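target13.cif follows (mmCIF, C-alpha atoms (C1' of nucleotides)):
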data_start
#
loop_
_atom_site.label_atom_id
_atom_site.label_comp_id
_atom_site.auth_asym_id
_atom_site.auth_seq_id
_atom_site.Cartn_x
_atom_site.Cartn_y
_atom_site.Cartn_z
CA MET Y 1 -78.29 93.70 -122.02
CA ILE Y 2 -77.71 95.53 -125.31
CA ALA Y 3 -75.12 92.97 -126.37
CA GLU Y 4 -77.35 90.02 -125.56
CA ARG Y 5 -80.82 91.19 -126.55
CA GLY Y 6 -80.53 94.65 -128.12
CA ILE Y 7 -81.64 98.06 -126.93
CA ARG Y 8 -85.21 96.76 -126.79
CA ALA Y 9 -84.11 94.82 -123.70
CA VAL Y 10 -83.12 98.06 -121.97
CA ALA Y 11 -86.52 98.21 -120.30
CA VAL Y 12 -87.08 99.91 -116.97
CA GLU Y 13 -89.06 97.22 -115.19
CA SER Y 14 -87.11 94.18 -116.34
CA LEU Y 15 -83.82 95.89 -115.54
CA ALA Y 16 -85.08 96.93 -112.10
CA ARG Y 17 -86.21 93.38 -111.39
CA ARG Y 18 -82.83 92.05 -112.48
CA MET Y 19 -81.12 94.49 -110.09
CA GLY Y 20 -83.40 93.71 -107.19
CA VAL Y 21 -84.94 97.18 -107.05
CA THR Y 22 -88.14 98.70 -108.37
CA LYS Y 23 -89.23 101.27 -110.92
CA GLY Y 24 -89.62 103.87 -108.20
CA SER Y 25 -85.92 103.69 -107.51
CA PHE Y 26 -85.03 103.93 -111.18
CA TYR Y 27 -87.06 107.06 -111.76
CA TRP Y 28 -85.22 108.76 -108.92
CA HIS Y 29 -81.89 108.26 -110.68
CA PHE Y 30 -83.06 108.87 -114.25
CA PRO Y 31 -85.73 111.21 -115.60
CA ASN Y 32 -86.88 108.55 -118.09
CA ARG Y 33 -85.84 105.51 -120.10
CA ASN Y 34 -84.37 107.57 -122.90
CA ALA Y 35 -81.92 109.21 -120.50
CA LEU Y 36 -80.62 105.82 -119.38
CA LEU Y 37 -80.28 104.70 -122.97
CA GLU Y 38 -78.51 107.91 -123.94
CA GLN Y 39 -75.99 107.66 -121.11
CA SER Y 40 -75.40 103.97 -121.80
CA LEU Y 41 -74.75 104.63 -125.47
CA LEU Y 42 -72.50 107.59 -124.70
CA ARG Y 43 -70.55 105.48 -122.24
CA TRP Y 44 -70.02 102.78 -124.85
CA GLU Y 45 -69.01 105.38 -127.44
CA LYS Y 46 -66.28 106.73 -125.16
CA HIS Y 47 -65.08 103.20 -124.54
CA ASP Y 48 -64.99 102.47 -128.26
CA GLU Y 49 -63.24 105.73 -129.07
CA ALA Y 50 -60.53 104.96 -126.51
CA ASN Y 51 -60.14 101.46 -127.95
CA LEU Y 52 -59.57 102.89 -131.39
CA GLN Y 53 -56.72 105.06 -130.12
CA VAL Y 54 -55.09 102.39 -127.96
CA PHE Y 55 -55.25 99.50 -130.41
CA LEU Y 56 -54.78 101.20 -133.74
CA GLY Y 57 -53.18 104.52 -132.91
CA ALA Y 58 -50.09 102.87 -131.54
CA ILE Y 59 -49.27 100.76 -134.58
CA ALA Y 60 -46.77 102.56 -136.79
CA ASP Y 61 -46.96 100.53 -140.01
CA PRO Y 62 -50.25 101.28 -141.81
CA ARG Y 63 -50.51 97.77 -143.21
CA ASP Y 64 -50.12 96.22 -139.77
CA ARG Y 65 -52.72 98.69 -138.52
CA LEU Y 66 -55.22 97.54 -141.11
CA ARG Y 67 -54.49 93.88 -140.43
CA SER Y 68 -55.00 94.55 -136.74
CA PHE Y 69 -58.41 96.03 -137.52
CA PHE Y 70 -59.59 92.74 -138.99
CA ARG Y 71 -57.96 90.62 -136.32
CA ARG Y 72 -59.83 92.57 -133.67
CA THR Y 73 -63.08 91.09 -134.98
CA GLY Y 74 -62.15 87.82 -133.29
CA ARG Y 75 -61.29 89.49 -130.01
CA GLU Y 76 -63.14 92.10 -127.91
CA LYS Y 77 -66.29 90.13 -128.47
CA LEU Y 78 -68.46 92.22 -126.15
CA THR Y 79 -67.80 95.49 -127.96
CA HIS Y 80 -68.55 93.85 -131.30
CA LYS Y 81 -71.74 92.29 -129.98
CA VAL Y 82 -72.90 95.68 -128.71
CA TYR Y 83 -72.07 97.31 -132.02
CA SER Y 84 -73.82 94.54 -133.91
CA ALA Y 85 -76.92 94.97 -131.76
CA LEU Y 86 -76.87 98.71 -132.36
CA CYS Y 87 -76.66 98.13 -136.11
CA SER Y 88 -79.94 96.25 -135.81
CA ALA Y 89 -81.51 99.41 -134.40
CA ALA Y 90 -80.06 101.90 -136.86
CA ASP Y 91 -83.46 103.57 -137.22
CA HIS Y 92 -83.63 104.53 -133.54
CA PRO Y 93 -83.29 108.32 -133.05
CA LEU Y 94 -80.58 107.91 -130.41
CA VAL Y 95 -78.69 105.11 -132.14
CA GLU Y 96 -78.56 106.57 -135.63
CA PRO Y 97 -76.30 109.57 -134.86
CA LEU Y 98 -74.13 107.36 -132.66
CA LEU Y 99 -73.56 104.85 -135.44
CA GLU Y 100 -72.81 107.70 -137.79
CA ARG Y 101 -70.12 109.06 -135.47
CA VAL Y 102 -68.58 105.68 -134.64
CA ALA Y 103 -68.51 104.40 -138.21
CA GLY Y 104 -67.24 107.77 -139.39
CA ARG Y 105 -64.34 107.73 -136.93
CA ARG Y 106 -63.39 104.17 -137.77
CA MET Y 107 -63.55 104.73 -141.50
CA GLN Y 108 -61.44 107.85 -141.18
CA HIS Y 109 -58.81 105.81 -139.37
CA ILE Y 110 -58.88 103.19 -142.09
CA GLU Y 111 -58.81 105.79 -144.83
CA ALA Y 112 -55.80 107.48 -143.21
CA ALA Y 113 -53.97 104.15 -143.16
CA PHE Y 114 -54.60 103.61 -146.87
CA ALA Y 115 -53.47 107.16 -147.54
CA GLU Y 116 -50.23 106.47 -145.62
CA ILE Y 117 -49.64 103.45 -147.81
CA GLY Y 118 -49.74 105.80 -150.74
CA PHE Y 119 -53.22 105.75 -152.22
CA GLY Y 120 -54.83 108.95 -153.44
CA SER Y 121 -57.69 110.57 -151.62
CA ALA Y 122 -60.54 109.07 -153.68
CA GLU Y 123 -58.94 105.64 -153.85
CA ALA Y 124 -58.26 105.60 -150.11
CA SER Y 125 -61.85 106.61 -149.44
CA HIS Y 126 -63.22 103.80 -151.58
CA ARG Y 127 -60.91 101.27 -150.00
CA ALA Y 128 -61.90 102.39 -146.52
CA ARG Y 129 -65.57 102.08 -147.34
CA LEU Y 130 -65.13 98.62 -148.84
CA THR Y 131 -63.01 97.49 -145.89
CA TYR Y 132 -65.55 98.68 -143.39
CA SER Y 133 -68.39 97.21 -145.42
CA ALA Y 134 -66.68 93.82 -145.30
CA TYR Y 135 -66.56 94.17 -141.52
CA LEU Y 136 -70.21 95.24 -141.26
CA GLY Y 137 -71.26 92.42 -143.57
CA PHE Y 138 -69.43 89.91 -141.44
CA LEU Y 139 -71.30 91.16 -138.37
CA GLN Y 140 -74.58 90.74 -140.23
CA LEU Y 141 -73.70 87.18 -141.25
CA GLN Y 142 -72.84 86.49 -137.63
CA ARG Y 143 -76.29 87.69 -136.58
CA GLN Y 144 -77.74 85.21 -139.09
CA HIS Y 145 -75.49 82.43 -137.84
CA GLN Y 146 -73.89 82.19 -141.24
CA ALA Y 147 -70.39 83.29 -140.30
CA PRO Y 148 -67.67 80.80 -139.38
CA ASN Y 149 -67.06 80.37 -135.67
CA LEU Y 150 -64.50 82.88 -134.45
CA SER Y 151 -62.28 80.18 -132.95
CA SER Y 152 -62.39 77.89 -135.98
CA GLY Y 153 -59.81 77.37 -138.67
CA GLU Y 154 -62.42 78.40 -141.22
CA PHE Y 155 -62.50 81.84 -139.64
CA GLU Y 156 -58.72 82.13 -139.77
CA ALA Y 157 -58.66 81.09 -143.42
CA TYR Y 158 -61.33 83.62 -144.30
CA MET Y 159 -59.55 86.42 -142.45
CA THR Y 160 -56.34 85.63 -144.28
CA HIS Y 161 -58.21 85.81 -147.56
CA VAL Y 162 -59.86 89.12 -146.69
CA ILE Y 163 -56.58 90.68 -145.63
CA ALA Y 164 -54.86 89.49 -148.78
CA THR Y 165 -57.67 90.83 -150.97
CA LEU Y 166 -58.24 94.21 -149.35
CA ILE Y 167 -54.78 95.17 -148.14
CA PRO Y 168 -52.28 95.41 -151.00
CA GLY Y 169 -48.86 93.95 -150.33
CA LYS Y 170 -47.23 96.59 -152.48
CA ILE Y 171 -48.63 99.55 -154.30
CA MET Q 1 -94.70 98.64 -144.68
CA ILE Q 2 -91.73 96.33 -144.08
CA ALA Q 3 -89.59 98.34 -146.50
CA GLU Q 4 -90.50 101.66 -144.92
CA ARG Q 5 -90.69 100.87 -141.22
CA GLY Q 6 -89.67 97.24 -140.66
CA ILE Q 7 -91.67 94.21 -139.62
CA ARG Q 8 -92.60 96.00 -136.39
CA ALA Q 9 -94.89 98.15 -138.53
CA VAL Q 10 -96.79 95.07 -139.67
CA ALA Q 11 -99.37 95.60 -136.93
CA VAL Q 12 -102.96 94.45 -137.26
CA GLU Q 13 -104.75 97.59 -136.16
CA SER Q 14 -102.62 100.17 -137.95
CA LEU Q 15 -102.72 98.11 -141.16
CA ALA Q 16 -106.48 97.72 -140.91
CA ARG Q 17 -106.87 101.47 -140.40
CA ARG Q 18 -104.67 102.12 -143.40
CA MET Q 19 -106.80 99.81 -145.51
CA GLY Q 20 -110.06 101.29 -144.34
CA VAL Q 21 -111.24 98.12 -142.63
CA THR Q 22 -111.22 96.90 -139.04
CA LYS Q 23 -109.56 94.20 -136.98
CA GLY Q 24 -112.67 92.06 -137.19
CA SER Q 25 -112.18 91.76 -140.91
CA PHE Q 26 -108.49 90.94 -140.57
CA TYR Q 27 -109.08 88.09 -138.17
CA TRP Q 28 -111.49 86.51 -140.59
CA HIS Q 29 -108.76 86.31 -143.25
CA PHE Q 30 -105.86 85.42 -140.97
CA PRO Q 31 -105.72 83.36 -137.78
CA ASN Q 32 -103.27 85.82 -136.20
CA ARG Q 33 -100.59 88.39 -136.89
CA ASN Q 34 -97.84 85.80 -137.22
CA ALA Q 35 -99.69 84.13 -140.10
CA LEU Q 36 -99.81 87.42 -142.01
CA LEU Q 37 -96.13 88.00 -141.37
CA GLU Q 38 -95.24 84.47 -142.43
CA GLN Q 39 -97.18 84.71 -145.67
CA SER Q 40 -95.75 88.15 -146.43
CA LEU Q 41 -92.21 86.95 -145.89
CA LEU Q 42 -92.80 83.80 -147.93
CA ARG Q 43 -94.26 85.91 -150.72
CA TRP Q 44 -91.20 88.14 -150.74
CA GLU Q 45 -88.89 85.11 -150.68
CA LYS Q 46 -90.54 83.65 -153.79
CA HIS Q 47 -90.22 87.01 -155.49
CA ASP Q 48 -86.55 87.25 -154.58
CA GLU Q 49 -85.83 83.68 -155.66
CA ALA Q 50 -87.40 84.35 -159.03
CA ASN Q 51 -85.38 87.56 -159.39
CA LEU Q 52 -82.19 85.62 -158.77
CA GLN Q 53 -82.98 83.22 -161.59
CA VAL Q 54 -84.15 85.84 -164.07
CA PHE Q 55 -81.42 88.40 -163.55
CA LEU Q 56 -78.40 86.25 -162.82
CA GLY Q 57 -79.30 82.84 -164.19
CA ALA Q 58 -79.50 84.15 -167.73
CA ILE Q 59 -76.05 85.72 -167.87
CA ALA Q 60 -73.56 83.31 -169.39
CA ASP Q 61 -70.24 84.92 -168.50
CA PRO Q 62 -69.53 84.47 -164.77
CA ARG Q 63 -67.71 87.81 -164.53
CA ASP Q 64 -70.64 89.67 -166.06
CA ARG Q 65 -72.93 87.79 -163.69
CA LEU Q 66 -70.95 89.01 -160.68
CA ARG Q 67 -70.82 92.57 -161.99
CA SER Q 68 -74.57 92.43 -162.51
CA PHE Q 69 -74.99 91.40 -158.88
CA PHE Q 70 -73.40 94.64 -157.72
CA ARG Q 71 -75.17 96.78 -160.28
CA ARG Q 72 -78.48 95.45 -159.03
CA THR Q 73 -77.91 97.27 -155.73
CA GLY Q 74 -78.71 100.53 -157.47
CA ARG Q 75 -81.88 99.15 -159.04
CA GLU Q 76 -84.79 97.13 -157.57
CA LYS Q 77 -84.77 99.49 -154.64
CA LEU Q 78 -87.90 98.08 -153.00
CA THR Q 79 -86.52 94.54 -152.74
CA HIS Q 80 -83.28 95.87 -151.25
CA LYS Q 81 -85.15 98.04 -148.76
CA VAL Q 82 -87.20 95.05 -147.65
CA TYR Q 83 -84.09 92.91 -147.31
CA SER Q 84 -82.33 95.65 -145.39
CA ALA Q 85 -85.28 95.99 -143.03
CA LEU Q 86 -85.30 92.23 -142.49
CA CYS Q 87 -81.59 92.30 -141.66
CA SER Q 88 -82.48 94.65 -138.83
CA ALA Q 89 -84.74 91.97 -137.43
CA ALA Q 90 -82.41 89.02 -137.81
CA ASP Q 91 -83.26 87.81 -134.32
CA HIS Q 92 -86.95 87.36 -135.12
CA PRO Q 93 -87.96 83.67 -135.16
CA LEU Q 94 -89.66 83.99 -138.56
CA VAL Q 95 -87.04 86.24 -140.16
CA GLU Q 96 -83.92 84.37 -139.10
CA PRO Q 97 -84.51 81.19 -141.13
CA LEU Q 98 -85.66 83.29 -144.07
CA LEU Q 99 -82.46 85.35 -144.08
CA GLU Q 100 -80.49 82.15 -143.80
CA ARG Q 101 -82.16 80.69 -146.87
CA VAL Q 102 -82.00 83.88 -148.96
CA ALA Q 103 -78.37 84.69 -148.13
CA GLY Q 104 -77.45 81.04 -148.61
CA ARG Q 105 -79.00 80.92 -152.07
CA ARG Q 106 -77.39 84.18 -153.15
CA MET Q 107 -73.96 83.20 -151.86
CA GLN Q 108 -74.20 79.85 -153.60
CA HIS Q 109 -74.88 81.67 -156.86
CA ILE Q 110 -71.90 83.91 -156.30
CA GLU Q 111 -69.68 81.03 -155.29
CA ALA Q 112 -70.68 79.12 -158.40
CA ALA Q 113 -69.71 82.09 -160.54
CA PHE Q 114 -66.26 82.28 -158.93
CA ALA Q 115 -65.89 78.53 -159.40
CA GLU Q 116 -66.72 78.94 -163.09
CA ILE Q 117 -64.02 81.56 -163.38
CA GLY Q 118 -61.61 78.91 -162.18
CA PHE Q 119 -61.13 79.31 -158.45
CA GLY Q 120 -60.91 76.27 -156.21
CA SER Q 121 -63.68 75.36 -153.81
CA ALA Q 122 -62.25 77.04 -150.70
CA GLU Q 123 -61.11 80.14 -152.57
CA ALA Q 124 -64.47 80.52 -154.30
CA SER Q 125 -66.23 80.15 -150.95
CA HIS Q 126 -64.14 82.87 -149.37
CA ARG Q 127 -64.61 85.19 -152.30
CA ALA Q 128 -68.37 84.65 -152.24
CA ARG Q 129 -68.50 85.42 -148.53
CA LEU Q 130 -66.45 88.58 -148.94
CA THR Q 131 -68.49 89.71 -151.93
CA TYR Q 132 -71.75 89.21 -150.09
CA SER Q 133 -70.33 90.87 -146.98
CA ALA Q 134 -69.47 93.94 -149.03
CA TYR Q 135 -73.08 94.02 -150.20
CA LEU Q 136 -74.48 93.58 -146.68
CA GLY Q 137 -72.12 96.23 -145.34
CA PHE Q 138 -73.28 98.65 -147.99
CA LEU Q 139 -76.88 98.07 -146.96
CA GLN Q 140 -75.93 98.78 -143.36
CA LEU Q 141 -74.16 102.01 -144.32
CA GLN Q 142 -77.26 102.97 -146.26
CA ARG Q 143 -79.38 102.47 -143.15
CA GLN Q 144 -77.00 104.83 -141.34
CA HIS Q 145 -77.16 107.35 -144.18
CA GLN Q 146 -73.45 106.92 -144.76
CA ALA Q 147 -73.57 105.41 -148.20
CA PRO Q 148 -73.34 107.55 -151.33
CA ASN Q 149 -76.64 108.31 -153.03
CA LEU Q 150 -77.52 105.60 -155.52
CA SER Q 151 -77.91 108.06 -158.37
CA SER Q 152 -74.71 109.98 -157.67
CA GLY Q 153 -71.37 109.78 -159.42
CA GLU Q 154 -69.80 108.87 -156.07
CA PHE Q 155 -71.87 105.69 -156.05
CA GLU Q 156 -70.76 104.81 -159.57
CA ALA Q 157 -67.12 105.38 -158.69
CA TYR Q 158 -67.40 103.23 -155.60
CA MET Q 159 -69.11 100.41 -157.49
CA THR Q 160 -66.39 100.48 -160.11
CA HIS Q 161 -63.79 100.21 -157.37
CA VAL Q 162 -65.58 97.32 -155.66
CA ILE Q 163 -65.96 95.40 -158.90
CA ALA Q 164 -62.33 95.94 -159.78
CA THR Q 165 -61.19 94.80 -156.33
CA LEU Q 166 -63.42 91.77 -155.84
CA ILE Q 167 -63.79 90.44 -159.36
CA PRO Q 168 -60.43 89.49 -160.90
CA GLY Q 169 -59.92 90.47 -164.51
CA LYS Q 170 -57.85 87.36 -165.15
CA ILE Q 171 -56.92 84.44 -162.91
"C1'" DA I 1 -139.05 83.71 -148.95
"C1'" DT I 2 -135.95 81.57 -146.04
"C1'" DC I 3 -131.58 80.02 -144.73
"C1'" DG I 4 -126.73 79.44 -144.48
"C1'" DT I 5 -122.35 81.22 -145.72
"C1'" DT I 6 -119.21 84.86 -146.43
"C1'" DC I 7 -117.40 88.94 -145.12
"C1'" DC I 8 -117.01 92.83 -142.06
"C1'" DA I 9 -117.98 96.06 -137.76
"C1'" DT I 10 -118.40 96.93 -132.75
"C1'" DA I 11 -117.06 96.17 -128.38
"C1'" DC I 12 -114.53 94.02 -125.00
"C1'" DG I 13 -110.63 91.65 -122.34
"C1'" DG I 14 -105.79 90.93 -121.66
"C1'" DT I 15 -100.79 92.11 -121.61
"C1'" DG I 16 -96.42 94.64 -121.43
"C1'" DG I 17 -94.19 98.60 -120.78
"C1'" DA I 18 -93.64 103.87 -119.72
"C1'" DG I 19 -94.38 107.28 -116.57
"C1'" DT I 20 -96.55 109.46 -112.01
"C1'" DA I 21 -98.19 110.12 -107.26
"C1'" DT I 22 -97.24 109.27 -102.91
"C1'" DG I 23 -95.86 107.05 -98.79
"C1'" DG I 24 -92.03 104.94 -96.09
"C1'" DT I 25 -87.12 104.31 -94.09
"C1'" DG I 26 -82.54 105.02 -92.51
"C1'" DG I 27 -78.87 107.91 -91.45
"C1'" DA I 28 -76.43 112.45 -91.03
"C1'" DG I 29 -76.56 116.72 -88.85
"C1'" DA I 30 -78.58 120.64 -85.55
"C1'" DT S 1 -83.67 113.59 -79.94
"C1'" DC S 2 -85.68 115.56 -83.70
"C1'" DT S 3 -85.67 116.73 -88.44
"C1'" DC S 4 -84.64 116.64 -93.06
"C1'" DC S 5 -83.43 114.48 -97.16
"C1'" DA S 6 -81.55 111.02 -100.09
"C1'" DC S 7 -83.24 106.78 -101.59
"C1'" DC S 8 -86.55 103.30 -102.47
"C1'" DA S 9 -91.29 100.79 -102.61
"C1'" DT S 10 -96.30 100.55 -103.73
"C1'" DA S 11 -99.85 101.43 -106.41
"C1'" DC S 12 -102.00 103.67 -109.70
"C1'" DT S 13 -102.80 105.69 -114.96
"C1'" DC S 14 -102.06 105.58 -119.96
"C1'" DC S 15 -101.18 103.65 -124.22
"C1'" DA S 16 -100.35 100.45 -127.93
"C1'" DC S 17 -100.84 96.33 -129.08
"C1'" DC S 18 -102.98 91.22 -129.84
"C1'" DG S 19 -106.78 88.44 -129.73
"C1'" DT S 20 -112.03 87.12 -128.95
"C1'" DA S 21 -117.00 87.36 -128.78
"C1'" DT S 22 -120.72 88.57 -131.19
"C1'" DG S 23 -123.87 90.98 -134.09
"C1'" DG S 24 -125.09 92.18 -138.37
"C1'" DA S 25 -125.41 92.95 -144.04
"C1'" DA S 26 -125.07 91.04 -148.65
"C1'" DC S 27 -126.01 87.16 -151.42
"C1'" DG S 28 -126.50 82.72 -153.61
"C1'" DA S 29 -129.05 78.27 -153.17
"C1'" DT S 30 -133.17 75.67 -152.24
#

For this file, write the structure as structure tokens.
Amino acid sequence: MIAERGIRAVAVESLARRMGVTKGSFYWHFPNRNALLEQSLLRWEKHDEANLQVFLGAIADPRDRLRSFFRRTGREKLTHKVYSALCSAADHPLVEPLLERVAGRRMQHIEAAFAEIGFGSAEASHRARLTYSAYLGFLQLQRQHQAPNLSSGEFEAYMTHVIATLIPGKI
Amino acid sequence: MIAERGIRAVAVESLARRMGVTKGSFYWHFPNRNALLEQSLLRWEKHDEANLQVFLGAIADPRDRLRSFFRRTGREKLTHKVYSALCSAADHPLVEPLLERVAGRRMQHIEAAFAEIGFGSAEASHRARLTYSAYLGFLQLQRQHQAPNLSSGEFEAYMTHVIATLIPGKI
DNA sequence: ATCGTTCCATACGGTGGAGTATGGTGGAGA
DNA sequence: TCTCCACCATACTCCACCGTATGGAACGAT
């Protein structure tokens, strides 16, 4: 529901209807709507954290690791849709700290990769922020239907350009 | 109101209270809430379109024009806050086409500047998309309180890095 | 002075969604 | 067999909205 219609769609009654039960049942399992939302978000965070380790932690070469980060945008569409939906609700009291943690973790990973390549601390930090901003901006353009289709050649060409621009071949 | 709390805060009753009038008065001036929202958004769009012409249209050198685009992020804070709030409501039927037009116009400007520098059509298009994505991503990080303060040295250093990375000194 | 128009207030109805109060049901144990 | 409890349904209250119906007050024109 979050991926398709945002956290606003995590509504007790509509969800209960969709599941073939009623509100009464829901409020036996959860104290309130916020609790459901909190557990859902926490569940997704764990999932995302594991993904980060599995997909990027295993890649030895830092350049390949960074390239893999961009390539992942085209895959794992559900996770990206959820994240994109959460970005649209950055002002929500439960979402804001979550986004802060998730983005922080990811940027640290990226920064570490740039540091491995050989950049200094400040330079690596800037590069990580710019890299992640490019990713966030792409998600926003997708929300506005102004990003190339993920399965198109246009997308591939753009990704190649981004990788070439942001990841230095040699230092 | 949009800048501070998003279009959701553009509510008839709360606005009327804030203005010291009542709903009855509002519904004499506007047929419904959507009309107010539409006119507000249109008004902002005109303002933004004019800004684009005044600030970027006048700069002759394409490189300076692009640099000015980034520097503007630190100034005109209200316009950026409004735009950022609108990005959070990209799924709204009135906001979506607006964002499409505004982002389209801005990216065309940026693409034209890259074309002037000497890049080919496809390359200029990619560079414009990446440049605008970096801007959008920065806005998102700002919403999450993970962007450096606009008046800090950290912000200046980051901007310098972004400009150096995205705008080529020579071709 | 009267009348119509403009502008605004009061009061009401309707809707969607959160949360509560309370009654019912089926199945595991004493 | 009886009882208890986990689990679920029904039926409300409350609240924040949008929108409407209607009754004025100020004011210019005839």

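Omitting Q:Ser151 and its sequence neighbours fewer than 6 positions away, and counting only C-alpha atoms (C1' of nucleotides), the residues within 12 Å are Arg71, Thr73, Gly74, Arg75, Lys77, Ala157, Tyr158 and Met159 of chain Q.
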
Please produce a file of the residues just selected, as a tab-separated table (two decimals), keeping the file's coordinate frame, where the atoms kept are C-alpha atoms.
chain	number	residue	atom	x	y	z
Q	71	ARG	CA	-75.17	96.78	-160.28
Q	73	THR	CA	-77.91	97.27	-155.73
Q	74	GLY	CA	-78.71	100.53	-157.47
Q	75	ARG	CA	-81.88	99.15	-159.04
Q	77	LYS	CA	-84.77	99.49	-154.64
Q	157	ALA	CA	-67.12	105.38	-158.69
Q	158	TYR	CA	-67.40	103.23	-155.60
Q	159	MET	CA	-69.11	100.41	-157.49

After a least-squares superposition of chain Q on chain Y over all Cα atoms matched in order, what is the RMSD to one decimal?
0.1 Å

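Using all atoms listed in the file, the shortest contact distance between Q:Ile2 and any of Q:Arg67, Q:Lys23, Q:Arg17, Q:Lys81 is found at Q:Lys81.
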
Residue IDs satisfying the PyMOL selection byres ((chain S) within 8 of (chain Y)), as a VMD selection string:
chain S and resid 7 to 9

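Distances to chain Q were evaluated for Y:Gly20, Y:Gly57, Y:Pro168, Y:Gly137 using only C-alpha atoms, and the minimum falls at Y:Gly137.
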
Contact check, chain I to chain Y, at most 8 Å, counting only C-alpha atoms (C1' of nucleotides), closest pairs as a tab-separated table:
residue	atom	partner	partner_atom	distance
I:DG17	C1'	Y:Ala11	CA	7.7
I:DA18	C1'	Y:Arg33	CA	8.0
I:DG19	C1'	Y:Asn32	CA	7.8

Taking the file as shown, find all residues satisfying the PyMOL selection byres ((chain Q) within 7 of (chain Y)) and write them as a list in words.
Ser88, Ala89, Ala90, Glu96, Leu99, Glu100, His126, Leu130, Ser133, Ala134, Leu136, Gly137, Phe138, Arg143, Gln144, Tyr158, His161 and Val162 of chain Q

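Within the file as shown, the PyMOL selection byres ((chain I and resi 21) around 9) identifies DT20 and DT22 of chain I; DA11 and DC12 of chain S.
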
So which residues touch S:DG23 within 12 Å, counting all atoms listed in the file, skipping near sequence neighbours fewer than 4 positions away, as a PyMOL selection string?
(chain Q and resi 24) or (chain I and resi 8-11)

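One finds atom CA of Y:Leu56 at 20.9 Å from atom CA of Y:Leu42.
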
Name the residues in contact with stretch 1-4 of chain S at a cut-off of 10 Å, using all atoms listed in the file, excluding same-chain residues fewer than 3 positions from it; report them as a JSON list (two decimals) with C-alpha atoms (C1' of nucleotides), keeping the file's coordinate frame.
[["chain", "number", "residue", "atom", "x", "y", "z"],
["I", 28, "DA", "C1'", -76.43, 112.45, -91.03],
["I", 29, "DG", "C1'", -76.56, 116.72, -88.85],
["I", 30, "DA", "C1'", -78.58, 120.64, -85.55]]

Listed atoms of stretch 1-19 of chain I boxed along x, y and z, 4 Å each side, centre and edge lengths in Å, one decimal, as AutoDock Vina command-line options:
--center_x -116.3 --center_y 93.4 --center_z -132.8 --size_x 53.4 --size_y 35.8 --size_z 40.4

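Atom pair atom CA of Q:Arg63 / atom CA of Q:Met107 has a distance of 14.9 Å (rounded to one decimal).
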
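The space between atom CA of Q:Asn51 and atom CA of Q:Gln39 spans 18.3 Å.
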
What would the list of residues within 10 Å of (-129.7, 78.7, -153.6) (file frame) look like as a CSV table (one decimal) with C-alpha atoms (C1' of nucleotides), in the coordinates of the input, if all atoms listed in the file are what count?
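Generated file (part-v9.csv):
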chain,number,residue,atom,x,y,z
I,3,DC,C1',-131.6,80.0,-144.7
I,4,DG,C1',-126.7,79.4,-144.5
S,27,DC,C1',-126.0,87.2,-151.4
S,28,DG,C1',-126.5,82.7,-153.6
S,29,DA,C1',-129.0,78.3,-153.2
S,30,DT,C1',-133.2,75.7,-152.2

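Near (-112.2, 95.3, -122.3), the residues inside the 12 Å limit, counting only C-alpha atoms (C1' of nucleotides), come to DA11, DC12, DG13, DG14 and DT15 of chain I; DG19, DT20 and DA21 of chain S.
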
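In this comparison, which uses all atoms listed in the file, the residue of S:DA25, S:DC15, S:DC5, S:DT10 approaching I:DT6 most closely is S:DA25.
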